[in-house]
file final29.cif (mmCIF, C-alpha atoms)
data_model
#
loop_
_atom_site.label_atom_id
_atom_site.label_comp_id
_atom_site.auth_asym_id
_atom_site.auth_seq_id
_atom_site.Cartn_x
_atom_site.Cartn_y
_atom_site.Cartn_z
CA MET D 1 -76.09 163.06 -23.37
CA ILE D 2 -74.97 166.60 -22.50
CA ARG D 3 -77.47 169.10 -21.16
CA GLN D 4 -75.40 172.29 -20.95
CA PHE D 5 -71.90 173.29 -21.91
CA PHE D 6 -70.08 176.42 -20.76
CA ILE D 7 -66.59 177.88 -20.48
CA LEU D 8 -65.52 179.88 -17.43
CA SER D 9 -62.45 181.99 -16.83
CA SER D 10 -60.21 181.35 -13.84
CA LYS D 11 -62.18 184.06 -11.97
CA GLY D 12 -65.55 182.46 -12.73
CA ASP D 13 -66.63 184.82 -15.52
CA PRO D 14 -68.81 183.01 -18.09
CA LEU D 15 -67.23 183.23 -21.54
CA LEU D 16 -69.64 180.97 -23.39
CA PHE D 17 -72.85 179.10 -22.50
CA LYS D 18 -75.08 176.80 -24.53
CA ASP D 19 -78.15 174.93 -23.28
CA PHE D 20 -79.03 171.97 -25.50
CA ARG D 21 -82.20 170.73 -23.80
CA GLY D 22 -83.51 173.52 -21.57
CA GLU D 23 -84.05 171.19 -18.62
CA ALA D 24 -82.03 173.06 -15.96
CA GLY D 25 -82.06 176.55 -14.55
CA ASP D 26 -79.84 179.41 -15.57
CA ASP D 27 -77.89 179.34 -12.30
CA VAL D 28 -75.87 176.20 -13.12
CA VAL D 29 -72.81 178.35 -13.87
CA ASN D 30 -72.84 179.99 -10.43
CA VAL D 31 -73.60 176.68 -8.72
CA PHE D 32 -70.61 175.01 -10.38
CA TYR D 33 -68.15 177.81 -9.60
CA ARG D 34 -69.25 178.03 -5.96
CA ARG D 35 -68.77 174.29 -5.50
CA VAL D 36 -65.35 174.30 -7.18
CA THR D 37 -63.98 177.22 -5.20
CA ALA D 38 -65.39 175.89 -1.91
CA LEU D 39 -63.41 172.65 -2.17
CA PRO D 40 -59.95 172.52 -0.51
CA GLY D 41 -56.89 172.03 -2.67
CA ASP D 42 -55.91 173.22 -6.13
CA GLN D 43 -57.28 170.19 -8.03
CA PRO D 44 -61.02 169.70 -7.47
CA PRO D 45 -62.60 166.44 -8.67
CA VAL D 46 -63.55 166.39 -12.34
CA VAL D 47 -66.98 164.93 -11.53
CA MET D 48 -69.38 166.53 -9.03
CA ALA D 49 -73.03 165.68 -8.40
CA LEU D 50 -75.90 167.92 -7.35
CA ARG D 51 -79.15 165.96 -6.99
CA ASP D 52 -79.78 164.50 -10.48
CA LEU D 53 -77.32 166.84 -12.25
CA HIS D 54 -73.65 165.93 -12.74
CA PHE D 55 -70.93 168.49 -13.46
CA LEU D 56 -67.89 167.27 -15.43
CA HIS D 57 -65.03 169.60 -16.19
CA VAL D 58 -61.43 169.80 -17.37
CA ARG D 59 -58.94 172.63 -16.94
CA GLN D 60 -57.29 173.79 -20.15
CA ALA D 61 -55.24 176.99 -20.53
CA GLY D 62 -56.54 178.24 -17.19
CA LEU D 63 -60.18 177.93 -18.32
CA TYR D 64 -62.92 175.66 -16.99
CA TRP D 65 -64.54 173.55 -19.75
CA VAL D 66 -67.74 172.26 -18.14
CA ALA D 67 -70.53 169.95 -19.26
CA THR D 68 -73.62 168.94 -17.29
CA THR D 69 -75.16 165.51 -17.77
CA THR D 70 -77.62 163.10 -16.24
CA ALA D 71 -76.69 160.07 -14.20
CA ASP D 72 -76.85 157.65 -17.15
CA ALA D 73 -74.07 159.35 -19.15
CA SER D 74 -70.55 157.90 -19.21
CA PRO D 75 -68.18 160.31 -17.42
CA PHE D 76 -65.14 159.00 -19.32
CA THR D 77 -66.82 159.76 -22.64
CA VAL D 78 -67.73 163.30 -21.60
CA ILE D 79 -64.25 164.05 -20.22
CA GLU D 80 -62.63 162.77 -23.42
CA PHE D 81 -65.06 164.91 -25.43
CA LEU D 82 -64.17 168.03 -23.43
CA ASN D 83 -60.46 167.47 -24.06
CA ARG D 84 -61.06 166.97 -27.77
CA LEU D 85 -63.30 170.03 -27.93
CA ALA D 86 -60.57 172.13 -26.32
CA ALA D 87 -58.12 170.81 -28.92
CA LEU D 88 -60.56 171.70 -31.72
CA VAL D 89 -60.98 175.24 -30.40
CA LYS D 90 -57.20 175.58 -30.24
CA ASP D 91 -56.85 174.38 -33.84
CA TYR D 92 -59.59 176.57 -35.30
CA CYS D 93 -58.88 179.71 -33.21
CA GLY D 94 -55.10 179.49 -33.38
CA GLY D 95 -54.66 179.43 -29.60
CA LEU D 96 -56.32 178.66 -26.32
CA SER D 97 -56.80 181.60 -23.98
CA GLU D 98 -59.52 183.74 -22.49
CA LYS D 99 -58.98 186.39 -25.15
CA SER D 100 -59.14 183.95 -28.06
CA VAL D 101 -62.43 182.50 -26.76
CA GLN D 102 -63.94 185.98 -26.42
CA MET D 103 -62.84 187.04 -29.90
CA ASN D 104 -64.03 183.82 -31.58
CA PHE D 105 -67.27 183.12 -29.72
CA ALA D 106 -69.25 183.01 -33.00
CA LEU D 107 -66.91 180.37 -34.43
CA ILE D 108 -67.08 178.30 -31.22
CA TYR D 109 -70.89 178.41 -31.20
CA GLU D 110 -70.87 177.23 -34.81
CA LEU D 111 -68.43 174.48 -33.83
CA LEU D 112 -70.74 173.35 -31.01
CA ASP D 113 -73.68 173.15 -33.41
CA GLU D 114 -71.73 170.71 -35.56
CA VAL D 115 -70.16 168.48 -32.88
CA LEU D 116 -73.30 168.22 -30.71
CA ASP D 117 -76.87 167.58 -31.82
CA TYR D 118 -79.43 167.99 -29.04
CA GLY D 119 -76.67 167.11 -26.58
CA TYR D 120 -75.49 163.97 -28.41
CA ILE D 121 -71.90 163.85 -29.67
CA GLN D 122 -71.63 163.65 -33.47
CA THR D 123 -67.97 164.05 -34.44
CA THR D 124 -64.71 165.67 -33.34
CA SER D 125 -62.84 165.16 -36.61
CA SER D 126 -61.35 168.37 -37.95
CA ASP D 127 -61.34 166.92 -41.50
CA MET D 128 -65.12 166.57 -41.42
CA LEU D 129 -65.82 169.81 -39.59
CA ARG D 130 -63.88 172.06 -41.95
CA ASN D 131 -66.47 171.37 -44.68
CA PHE D 132 -69.28 172.82 -42.54
CA LEU D 133 -67.77 175.78 -40.68
CA GLN D 134 -68.28 179.15 -42.34
CA SER D 135 -67.00 181.60 -39.73
CA GLU D 136 -63.37 182.67 -39.90
CA ALA D 137 -61.13 182.87 -36.88
CA VAL D 138 -60.17 186.26 -35.48
CA SER D 139 -56.56 186.33 -34.39
CA SER D 140 -55.00 189.23 -32.53
CA ARG D 141 -51.25 189.40 -32.84
CA PRO D 142 -49.71 192.50 -31.26
CA PHE D 143 -46.99 194.35 -33.13
CA SER D 144 -43.48 193.47 -32.02
CA LEU D 145 -40.13 194.87 -33.06
CA PHE D 146 -38.84 191.30 -33.10
CA ASP D 147 -40.92 190.75 -36.24
CA LEU D 148 -38.64 193.20 -38.06
CA SER D 149 -35.50 191.27 -37.16
CA ASN D 150 -36.13 188.82 -40.02
CA VAL D 151 -36.02 191.57 -42.67
CA GLY D 152 -32.68 192.60 -44.08
CA LEU D 153 -31.63 195.41 -46.39
CA PHE D 154 -34.30 196.29 -49.01
CA GLY D 155 -36.57 193.55 -47.60
CA ALA D 156 -34.15 190.67 -48.19
CA ASP D 157 -34.47 187.61 -45.98
CA THR D 158 -31.86 187.11 -43.29
CA GLN D 159 -30.56 183.88 -41.84
CA GLN D 160 -32.93 184.36 -38.88
CA SER D 161 -35.90 184.06 -41.25
CA LYS D 162 -34.97 180.41 -41.83
CA VAL D 163 -35.77 179.56 -38.20
CA ALA D 164 -39.41 179.12 -37.17
CA PRO D 165 -40.35 181.20 -34.10
CA SER D 166 -42.03 179.50 -31.17
CA SER D 167 -45.36 181.16 -32.04
CA ALA D 168 -45.31 180.10 -35.71
CA ALA D 169 -47.78 177.26 -35.14
CA ALA D 170 -50.16 179.34 -33.01
CA ARG D 171 -52.59 180.22 -35.78
CA PRO D 172 -55.92 178.86 -37.06
CA ILE D 173 -55.70 175.82 -39.31
CA GLN D 174 -57.87 177.62 -41.87
CA ALA D 175 -55.89 180.87 -41.75
CA GLY D 176 -55.67 182.89 -44.91
CA ARG D 177 -52.58 184.53 -46.33
CA GLU D 178 -53.27 187.73 -44.43
CA GLN D 179 -53.13 185.74 -41.17
CA GLY D 180 -49.85 184.04 -42.03
CA GLY D 181 -51.52 180.97 -43.51
CA ARG D 182 -48.96 178.93 -45.43
CA SER D 183 -48.61 175.30 -46.39
CA GLU D 184 -46.56 174.11 -43.41
CA ILE D 185 -46.17 171.15 -41.12
CA PHE D 186 -44.65 171.26 -37.63
CA VAL D 187 -43.21 168.31 -35.75
CA ASP D 188 -42.47 169.03 -32.08
CA VAL D 189 -40.57 166.71 -29.75
CA VAL D 190 -41.62 167.79 -26.24
CA GLU D 191 -40.19 166.21 -23.09
CA ARG D 192 -40.89 166.77 -19.38
CA MET D 193 -38.34 165.93 -16.70
CA SER D 194 -38.99 164.78 -13.11
CA VAL D 195 -35.74 164.75 -11.14
CA VAL D 196 -34.83 164.40 -7.46
CA VAL D 197 -31.23 165.15 -6.42
CA GLY D 198 -30.03 164.34 -2.91
CA SER D 199 -28.25 166.74 -0.59
CA ASN D 200 -24.94 165.06 -1.48
CA GLY D 201 -25.48 165.70 -5.20
CA VAL D 202 -26.37 162.08 -6.02
CA LEU D 203 -29.18 161.57 -8.52
CA MET D 204 -32.00 159.75 -6.72
CA LYS D 205 -34.72 159.79 -9.35
CA ALA D 206 -34.94 160.77 -13.01
CA ASP D 207 -38.04 160.26 -15.14
CA VAL D 208 -38.70 161.65 -18.61
CA GLU D 209 -42.08 161.70 -20.35
CA GLY D 210 -42.10 162.79 -23.95
CA GLU D 211 -44.34 163.02 -26.97
CA ILE D 212 -44.08 163.76 -30.66
CA ARG D 213 -46.73 166.22 -31.86
CA VAL D 214 -47.64 166.96 -35.44
CA LYS D 215 -49.50 170.11 -36.41
CA CYS D 216 -50.49 170.22 -40.06
CA PHE D 217 -51.49 173.32 -42.04
CA MET D 218 -51.73 171.53 -45.38
CA PRO D 219 -55.15 171.26 -47.04
CA SER D 220 -54.19 167.93 -48.62
CA CYS D 221 -51.38 165.74 -47.38
CA SER D 222 -51.65 162.07 -48.26
CA GLU D 223 -48.85 160.75 -46.05
CA ILE D 224 -45.85 161.90 -44.04
CA ARG D 225 -42.89 159.76 -43.02
CA ILE D 226 -41.08 160.60 -39.79
CA GLY D 227 -37.71 158.93 -39.33
CA LEU D 228 -36.44 158.55 -35.75
CA ASN D 229 -32.99 157.55 -34.49
CA GLU D 230 -31.95 154.24 -35.98
CA GLU D 231 -30.29 153.49 -32.62
CA LEU D 232 -33.63 153.82 -30.76
CA SER D 233 -34.40 150.76 -28.61
CA ILE D 234 -37.62 150.07 -26.73
CA GLY D 235 -37.53 148.56 -23.25
CA LYS D 236 -34.72 146.19 -22.31
CA SER D 237 -34.17 145.00 -25.86
CA GLN D 238 -30.73 144.86 -27.43
CA LEU D 239 -29.24 148.17 -28.52
CA ARG D 240 -29.52 148.97 -32.22
CA GLY D 241 -27.29 150.67 -34.75
CA TYR D 242 -23.76 151.95 -34.41
CA GLY D 243 -24.28 155.46 -33.02
CA ALA D 244 -24.99 156.70 -29.52
CA ALA D 245 -27.56 154.53 -27.78
CA VAL D 246 -31.05 156.02 -27.44
CA ARG D 247 -33.47 154.08 -25.27
CA VAL D 248 -36.98 154.51 -23.89
CA ASP D 249 -38.75 152.12 -21.53
CA ARG D 250 -42.15 152.15 -23.22
CA CYS D 251 -44.03 153.97 -25.94
CA SER D 252 -47.51 154.21 -27.46
CA PHE D 253 -48.75 155.52 -30.79
CA HIS D 254 -51.74 157.29 -32.26
CA GLN D 255 -54.28 154.94 -33.79
CA GLY D 256 -53.64 156.44 -37.22
CA VAL D 257 -49.90 155.69 -37.23
CA ARG D 258 -48.75 152.81 -39.44
CA LEU D 259 -45.88 150.87 -37.91
CA ASP D 260 -44.93 148.49 -40.72
CA GLU D 261 -41.51 150.19 -41.05
CA PHE D 262 -40.97 151.03 -37.40
CA ASP D 263 -39.35 147.79 -36.23
CA SER D 264 -36.90 147.66 -39.12
CA HIS D 265 -36.13 151.32 -39.87
CA ARG D 266 -37.76 153.34 -37.02
CA ILE D 267 -40.08 155.15 -39.44
CA LEU D 268 -43.56 156.42 -38.53
CA ARG D 269 -46.11 156.73 -41.34
CA LEU D 270 -49.37 158.61 -41.01
CA CYS D 271 -51.87 160.71 -42.91
CA PRO D 272 -52.35 163.72 -40.63
CA SER D 273 -55.53 165.71 -40.48
CA GLN D 274 -55.44 169.46 -40.25
CA GLY D 275 -54.69 170.56 -36.70
CA GLU D 276 -52.58 169.14 -33.90
CA GLN D 277 -52.31 165.51 -32.88
CA THR D 278 -49.95 163.47 -30.72
CA VAL D 279 -48.50 160.65 -32.81
CA MET D 280 -46.20 159.07 -30.21
CA GLN D 281 -45.78 159.08 -26.42
CA TYR D 282 -42.82 157.57 -24.61
CA GLN D 283 -41.28 157.30 -21.15
CA LEU D 284 -37.82 156.75 -19.68
CA THR D 285 -37.30 155.93 -15.99
CA ASP D 286 -34.16 156.21 -13.85
CA ASP D 287 -31.68 155.96 -16.71
CA LEU D 288 -30.75 159.32 -18.23
CA PRO D 289 -28.16 159.07 -21.01
CA THR D 290 -26.50 162.28 -19.80
CA ALA D 291 -26.02 164.09 -16.51
CA PRO D 292 -28.91 166.24 -15.19
CA PRO D 293 -28.90 169.71 -16.75
CA PHE D 294 -28.35 171.57 -13.45
CA ARG D 295 -26.19 171.24 -10.36
CA LEU D 296 -26.81 173.34 -7.25
CA PHE D 297 -24.26 174.13 -4.53
CA PRO D 298 -26.12 175.58 -1.51
CA THR D 299 -24.82 176.99 1.76
CA VAL D 300 -27.21 177.71 4.65
CA GLU D 301 -26.02 179.36 7.88
CA ARG D 302 -26.90 181.95 10.50
CA ASP D 303 -24.81 185.09 11.01
CA GLY D 304 -24.02 186.90 14.25
CA THR D 305 -27.09 189.15 14.02
CA GLY D 306 -29.50 186.20 13.79
CA ARG D 307 -30.22 186.57 10.09
CA LEU D 308 -30.51 183.57 7.78
CA ILE D 309 -27.75 183.52 5.16
CA LEU D 310 -28.46 181.54 2.02
CA PHE D 311 -25.79 181.28 -0.69
CA LEU D 312 -26.70 179.48 -3.91
CA LYS D 313 -24.45 178.62 -6.85
CA LEU D 314 -26.30 177.20 -9.87
CA ARG D 315 -24.32 175.50 -12.61
CA CYS D 316 -25.71 174.56 -16.01
CA ASP D 317 -24.22 171.30 -17.31
CA LEU D 318 -25.68 171.56 -20.80
CA PRO D 319 -23.39 171.60 -23.86
CA PRO D 320 -21.77 175.01 -24.47
CA LYS D 321 -23.96 175.75 -27.51
CA SER D 322 -27.15 175.04 -25.56
CA SER D 323 -28.88 177.22 -22.99
CA ALA D 324 -31.75 177.20 -20.52
CA VAL D 325 -34.39 179.93 -20.50
CA ASN D 326 -37.01 181.04 -17.98
CA VAL D 327 -35.14 179.43 -15.10
CA CYS D 328 -36.72 179.89 -11.67
CA ALA D 329 -35.36 178.48 -8.42
CA SER D 330 -37.89 178.42 -5.58
CA VAL D 331 -36.36 178.03 -2.12
CA PRO D 332 -38.74 177.40 0.83
CA VAL D 333 -37.75 179.47 3.89
CA PRO D 334 -38.78 179.33 7.58
CA LYS D 335 -42.09 180.71 8.71
CA GLY D 336 -41.95 184.27 9.90
CA ALA D 337 -39.48 185.62 7.31
CA VAL D 338 -40.25 189.33 6.95
CA SER D 339 -37.65 190.84 4.62
CA LEU D 340 -35.02 189.90 2.07
CA SER D 341 -31.78 191.49 0.92
CA GLN D 342 -29.94 190.07 -2.08
CA GLU D 343 -26.69 190.14 -3.99
CA LEU D 344 -26.91 188.69 -7.50
CA SER D 345 -24.01 187.87 -9.81
CA SER D 346 -25.54 189.50 -12.92
CA PRO D 347 -27.95 192.40 -13.47
CA ASP D 348 -30.50 190.43 -15.52
CA GLN D 349 -31.41 188.25 -12.53
CA SER D 350 -34.12 189.06 -10.01
CA ALA D 351 -35.38 187.66 -6.72
CA GLU D 352 -38.29 188.24 -4.38
CA LEU D 353 -39.64 186.94 -1.11
CA GLN D 354 -43.07 185.40 -1.62
CA LEU D 355 -44.70 185.58 1.79
CA GLN D 356 -47.77 183.64 0.73
CA ASN D 357 -45.71 180.68 -0.46
CA ARG D 358 -42.98 181.07 2.20
CA ALA D 359 -40.31 180.91 -0.49
CA VAL D 360 -37.62 182.95 -2.22
CA ALA D 361 -38.04 182.96 -6.00
CA TRP D 362 -34.80 183.45 -7.95
CA GLN D 363 -35.49 184.32 -11.60
CA ILE D 364 -32.87 183.79 -14.34
CA PRO D 365 -33.99 184.71 -17.89
CA ARG D 366 -31.18 182.80 -19.61
CA LEU D 367 -28.39 180.49 -18.47
CA ALA D 368 -25.87 179.28 -21.04
CA GLY D 369 -24.46 175.77 -20.95
CA GLY D 370 -21.18 175.37 -19.09
CA THR D 371 -21.70 178.54 -17.03
CA GLN D 372 -22.79 179.20 -13.46
CA LEU D 373 -24.47 181.99 -11.53
CA SER D 374 -24.61 182.75 -7.84
CA ALA D 375 -26.90 184.56 -5.45
CA LEU D 376 -26.57 185.62 -1.81
CA PHE D 377 -29.78 186.05 0.18
CA LYS D 378 -30.06 187.48 3.69
CA LEU D 379 -33.43 186.99 5.40
CA ASP D 380 -34.69 188.54 8.59
CA VAL D 381 -36.50 185.78 10.50
CA PRO D 382 -37.57 186.74 14.06
CA GLY D 383 -36.87 183.94 16.53
CA LEU D 384 -34.64 181.99 14.13
CA SER D 385 -33.52 178.71 15.70
CA SER D 386 -31.69 175.59 14.62
CA ALA D 387 -35.02 173.78 14.23
CA SER D 388 -36.47 176.46 11.97
CA MET D 389 -33.38 176.36 9.75
CA LEU D 390 -34.34 172.81 8.87
CA GLU D 391 -37.37 174.26 7.04
CA VAL D 392 -35.10 175.59 4.29
CA GLY D 393 -35.45 173.55 1.10
CA PRO D 394 -35.76 171.53 -0.96
CA VAL D 395 -35.11 173.78 -3.94
CA GLY D 396 -37.55 173.46 -6.84
CA LEU D 397 -36.36 174.36 -10.34
CA SER D 398 -38.54 175.25 -13.30
CA PHE D 399 -36.98 175.82 -16.71
CA GLU D 400 -37.21 175.37 -20.44
CA LEU D 401 -34.49 173.82 -22.60
CA PRO D 402 -34.98 174.68 -26.30
CA LYS D 403 -33.31 172.54 -28.99
CA PHE D 404 -32.62 169.81 -26.41
CA THR D 405 -34.04 166.39 -25.54
CA ALA D 406 -33.05 164.57 -22.36
CA THR D 407 -33.48 161.13 -23.96
CA GLY D 408 -31.51 161.99 -27.10
CA LEU D 409 -34.49 161.26 -29.38
CA GLN D 410 -34.08 163.01 -32.72
CA ILE D 411 -35.96 163.30 -36.01
CA ARG D 412 -33.77 161.98 -38.83
CA PHE D 413 -36.02 163.14 -41.64
CA LEU D 414 -39.51 164.40 -42.39
CA ARG D 415 -40.78 163.52 -45.85
CA LEU D 416 -44.07 164.10 -47.64
CA SER D 417 -45.48 161.46 -49.94
CA PRO D 418 -46.32 162.24 -52.64
CA VAL D 419 -44.28 165.43 -53.06
CA GLN D 420 -46.55 168.45 -52.75
CA PRO D 421 -46.98 170.46 -55.98
CA ALA D 422 -47.23 173.74 -54.07
CA PRO D 423 -44.24 174.97 -52.04
CA SER D 424 -44.42 173.73 -48.46
CA GLN D 425 -42.26 174.16 -45.39
CA ARG D 426 -41.42 171.57 -42.76
CA TRP D 427 -40.27 172.44 -39.27
CA VAL D 428 -38.84 170.21 -36.52
CA ARG D 429 -38.52 171.65 -33.03
CA TYR D 430 -37.23 170.23 -29.73
CA VAL D 431 -37.95 171.43 -26.20
CA THR D 432 -37.60 170.01 -22.69
CA HIS D 433 -39.61 171.35 -19.75
CA SER D 434 -39.30 170.77 -16.04
CA ASP D 435 -42.16 168.77 -14.61
CA SER D 436 -40.76 168.39 -11.09
CA TYR D 437 -37.08 169.16 -10.52
CA SER D 438 -36.24 169.01 -6.82
CA ILE D 439 -32.83 169.44 -5.18
CA ARG D 440 -32.50 168.66 -1.50
CA ILE D 441 -30.35 170.84 0.76
#

call {"tool": "encode", "arguments": {"input": "final29.cif", "output": "structure tokens"}}
result
Amino acid sequence: MIRQFFILSSKGDPLLFKDFRGEAGDDVVNVFYRRVTALPGDQPPVVMALRDLHFLHVRQAGLYWVATTTADASPFTVIEFLNRLAALVKDYCGGLSEKSVQMNFALIYELLDEVLDYGYIQTTSSDMLRNFLQSEAVSSRPFSLFDLSNVGLFGADTQQSKVAPSSAAARPIQAGREQGGRSEIFVDVVERMSVVVGSNGVLMKADVEGEIRVKCFMPSCSEIRIGLNEELSIGKSQLRGYGAAVRVDRCSFHQGVRLDEFDSHRILRLCPSQGEQTVMQYQLTDDLPTAPPFRLFPTVERDGTGRLILFLKLRCDLPPKSSAVNVCASVPVPKGAVSLSQELSSPDQSAELQLQNRAVAWQIPRLAGGTQLSALFKLDVPGLSSASMLEVGPVGLSFELPKFTATGLQIRFLRLSPVQPAPSQRWVRYVTHSDSYSIRI
């Protein structure tokens, strides 16, 4: 049983508040935020108690999603509900941010009235809720000149219009034509890499966690069939097929996925509901099929004036047609560093000394496969000694690899059954993110 529910911004501003039973005071929002900010560390506990009132929260899109309950409520049930509610808001509002919550507060209040009755959870199914919601989502999409790049001479479509932009799926599931609402289905293969590379360049650890997400914008879709690599093997079983081997250590599936054709043909069958759902999760440990995407060649020394000299050469080992975007190398530096001078190999790069984090952040907007970039940093560190030079490193990399999967998992086909009478579009997208990519110096 939930007493109150509210959403707070990262600064503690209340965006939405609903009291289901009227049994607590109005200061529960301030009490929660004071307790969260007073705790040390960046990850406060999800459950906190204050006398007979329990605060349970999750952090989604930088927002606090908080519910208050009594002692007899199951915390696991409430936490799962908060995650599902955040997913519902994302589906019906087209995105999850402070601005989208503020612009769609009426729709979210209506959504709360349907999923909770006097604090008791009723349903979180988007298929059932769409029959009861009357408010329409308000989406704010700023004008961009990039939107005109898909229009050719006299309004003709260009080749670029056949590629779905990254923001194509960020719209309400009940969007009308004026909001870009079309009969579409998106299948995203998203992977996160955790890599540790030793100072000698030897790979010490490599873990990949991935998932296949389906976001459906079709009002009626009886079944979809997703074909994966025929060569995909699970665990230590014998390799399959005749192509390049694709292996994952373990995997799990959504409860709605039918697996009667998975063992024989690696086909997933499901009847998706409108909105986003994760149909498959998988993991690969310490056995990457290819080399890590980046190799770093660092040089750390001290010049005659006592300054710290840091020379970095970053090489991208992706295929030539691939590229990495939003690359950031964070290099911890000794305490007491006061200034930074830099020499970068290309004008689109940037670097800054972050005194609060005691690190140099090297930003690279785009790095093509098979190429390398370099940077020379000179730091003024008063009292620099041999012991303080040991504080340099390890280097942490964050990046995004579009159209690339570290495991080699691919979607062979995406079919609708039966064939939709109205024209529909199907999109398959791949992306790999860095979860924790550390290179020791």

call {"tool": "closest_residue", "arguments": {"input": "final29.cif", "among": "D:Ser100, D:Gln349, D:Gln274, D:Asn326", "to": "D:Met128", "atoms": "all atoms listed in the file"}}
result
D:Gln274

call {"tool": "atom_distance", "arguments": {"input": "final29.cif", "atom1": "atom CA of D:Tyr430", "atom2": "atom CA of D:Val101"}}
result
28.2 Å

call {"tool": "residues_around", "arguments": {"input": "final29.cif", "residues": "stretch 225-236 of chain D", "least_positions_apart": "2", "cutoff": "9 Å", "atoms": "all atoms listed in the file", "output": "PyMOL selection string"}}
result
chain D and resi 187+223+238-251+262+264-270+284+408-417

call {"tool": "closest_residue", "arguments": {"input": "final29.cif", "among": "D:Glu184, D:Asp91, D:Glu261, D:Glu209", "to": "D:Ile108", "atoms": "all atoms listed in the file"}}
result
D:Asp91

call {"tool": "residues_near_point", "arguments": {"input": "final29.cif", "point": "(-50.2, 164.6, -30.2)", "cutoff": "9 Å", "atoms": "only C-alpha atoms", "output": "ChimeraX atom specification"}}
result
/D:211-215,254,276-281

call {"tool": "resolve_selection", "arguments": {"input": "final29.cif", "expression": "the PyMOL selection byres ((chain D and resi 384) around 10)", "output": "PyMOL selection string"}}
result
chain D and resi 302+306-308+334-337+380-383+385-389

call {"tool": "resolve_selection", "arguments": {"input": "final29.cif", "expression": "the PyMOL selection byres ((chain D and resi 119) around 8)", "output": "JSON, numbers by chain"}}
result
{"D": [1, 2, 3, 4, 20, 21, 116, 117, 118, 120, 121]}

call {"tool": "axis_aligned_box", "arguments": {"input": "final29.cif", "around": "stretch 198-208 of chain D", "padding_each_side": "3 Å", "output": "AutoDock Vina command-line options"}}
result
--center_x -31.8 --center_y 163.2 --center_z -9.6 --size_x 19.8 --size_y 13.0 --size_z 24.0

call {"tool": "closest_residue", "arguments": {"input": "final29.cif", "among": "D:Arg295, D:His54, D:Arg192, D:Lys90", "to": "D:Ile441", "atoms": "only C-alpha atoms"}}
result
D:Arg295

call {"tool": "atom_distance", "arguments": {"input": "final29.cif", "atom1": "atom CA of D:Ser438", "atom2": "atom CA of D:Ser194"}}
result
8.1 Å

call {"tool": "resolve_selection", "arguments": {"input": "final29.cif", "expression": "the PyMOL selection byres ((chain D and resi 405) around 10)", "output": "PDB file with C-alpha atoms, in the frame of the given file"}}
result
ATOM      1  CA  VAL D 189     -40.570 166.710 -29.750  1.00  0.00           C
ATOM      2  CA  VAL D 190     -41.620 167.790 -26.240  1.00  0.00           C
ATOM      3  CA  GLU D 191     -40.190 166.210 -23.090  1.00  0.00           C
ATOM      4  CA  ARG D 192     -40.890 166.770 -19.380  1.00  0.00           C
ATOM      5  CA  MET D 193     -38.340 165.930 -16.700  1.00  0.00           C
ATOM      6  CA  VAL D 208     -38.700 161.650 -18.610  1.00  0.00           C
ATOM      7  CA  GLY D 210     -42.100 162.790 -23.950  1.00  0.00           C
ATOM      8  CA  LEU D 401     -34.490 173.820 -22.600  1.00  0.00           C
ATOM      9  CA  PRO D 402     -34.980 174.680 -26.300  1.00  0.00           C
ATOM     10  CA  LYS D 403     -33.310 172.540 -28.990  1.00  0.00           C
ATOM     11  CA  PHE D 404     -32.620 169.810 -26.410  1.00  0.00           C
ATOM     12  CA  ALA D 406     -33.050 164.570 -22.360  1.00  0.00           C
ATOM     13  CA  THR D 407     -33.480 161.130 -23.960  1.00  0.00           C
ATOM     14  CA  GLY D 408     -31.510 161.990 -27.100  1.00  0.00           C
ATOM     15  CA  LEU D 409     -34.490 161.260 -29.380  1.00  0.00           C
ATOM     16  CA  GLN D 410     -34.080 163.010 -32.720  1.00  0.00           C
ATOM     17  CA  TYR D 430     -37.230 170.230 -29.730  1.00  0.00           C
ATOM     18  CA  VAL D 431     -37.950 171.430 -26.200  1.00  0.00           C
ATOM     19  CA  THR D 432     -37.600 170.010 -22.690  1.00  0.00           C
ATOM     20  CA  HIS D 433     -39.610 171.350 -19.750  1.00  0.00           C
TER      21      HIS D 433
END

call {"tool": "atom_distance", "arguments": {"input": "final29.cif", "atom1": "atom CA of D:Thr68", "atom2": "atom CA of D:Pro44"}}
result
16.0 Å

call {"tool": "closest_residue", "arguments": {"input": "final29.cif", "among": "D:Val47, D:Gly12, D:Val115, D:Gln60", "to": "D:Arg34", "atoms": "only C-alpha atoms"}}
result
D:Gly12

call {"tool": "closest_residue", "arguments": {"input": "final29.cif", "among": "D:Thr290, D:Thr123, D:Asn357, D:Gln372", "to": "D:Ser345", "atoms": "all atoms listed in the file"}}
result
D:Gln372

call {"tool": "closest_residue", "arguments": {"input": "final29.cif", "among": "D:Cys271, D:Val31, D:Val197, D:Val46", "to": "D:Cys216", "atoms": "all atoms listed in the file"}}
result
D:Cys271

call {"tool": "residues_near_point", "arguments": {"input": "final29.cif", "point": "(-61.4, 166.5, -17.2)", "cutoff": "9 Å", "atoms": "only C-alpha atoms", "output": "list of chain:residue names"}}
result
D:Pro45, D:Val46, D:Val47, D:Leu56, D:His57, D:Val58, D:Arg59, D:Gln60, D:Trp65, D:Val66, D:Phe76, D:Val78, D:Ile79, D:Glu80, D:Leu82, D:Asn83

call {"tool": "residues_around", "arguments": {"input": "final29.cif", "residues": "D:Gly396", "least_positions_apart": "3", "cutoff": "8 Å", "atoms": "only C-alpha atoms", "output": "compact mmCIF listing (two decimals) with C-alpha atoms, in the coordinates of the input"}}
result
# COMPACT_ATOMS: atom_id res chain seq x y z
CA ALA D 329 -35.36 178.48 -8.42
CA SER D 330 -37.89 178.42 -5.58
CA VAL D 331 -36.36 178.03 -2.12
CA SER D 436 -40.76 168.39 -11.09
CA TYR D 437 -37.08 169.16 -10.52
CA SER D 438 -36.24 169.01 -6.82
CA ILE D 439 -32.83 169.44 -5.18
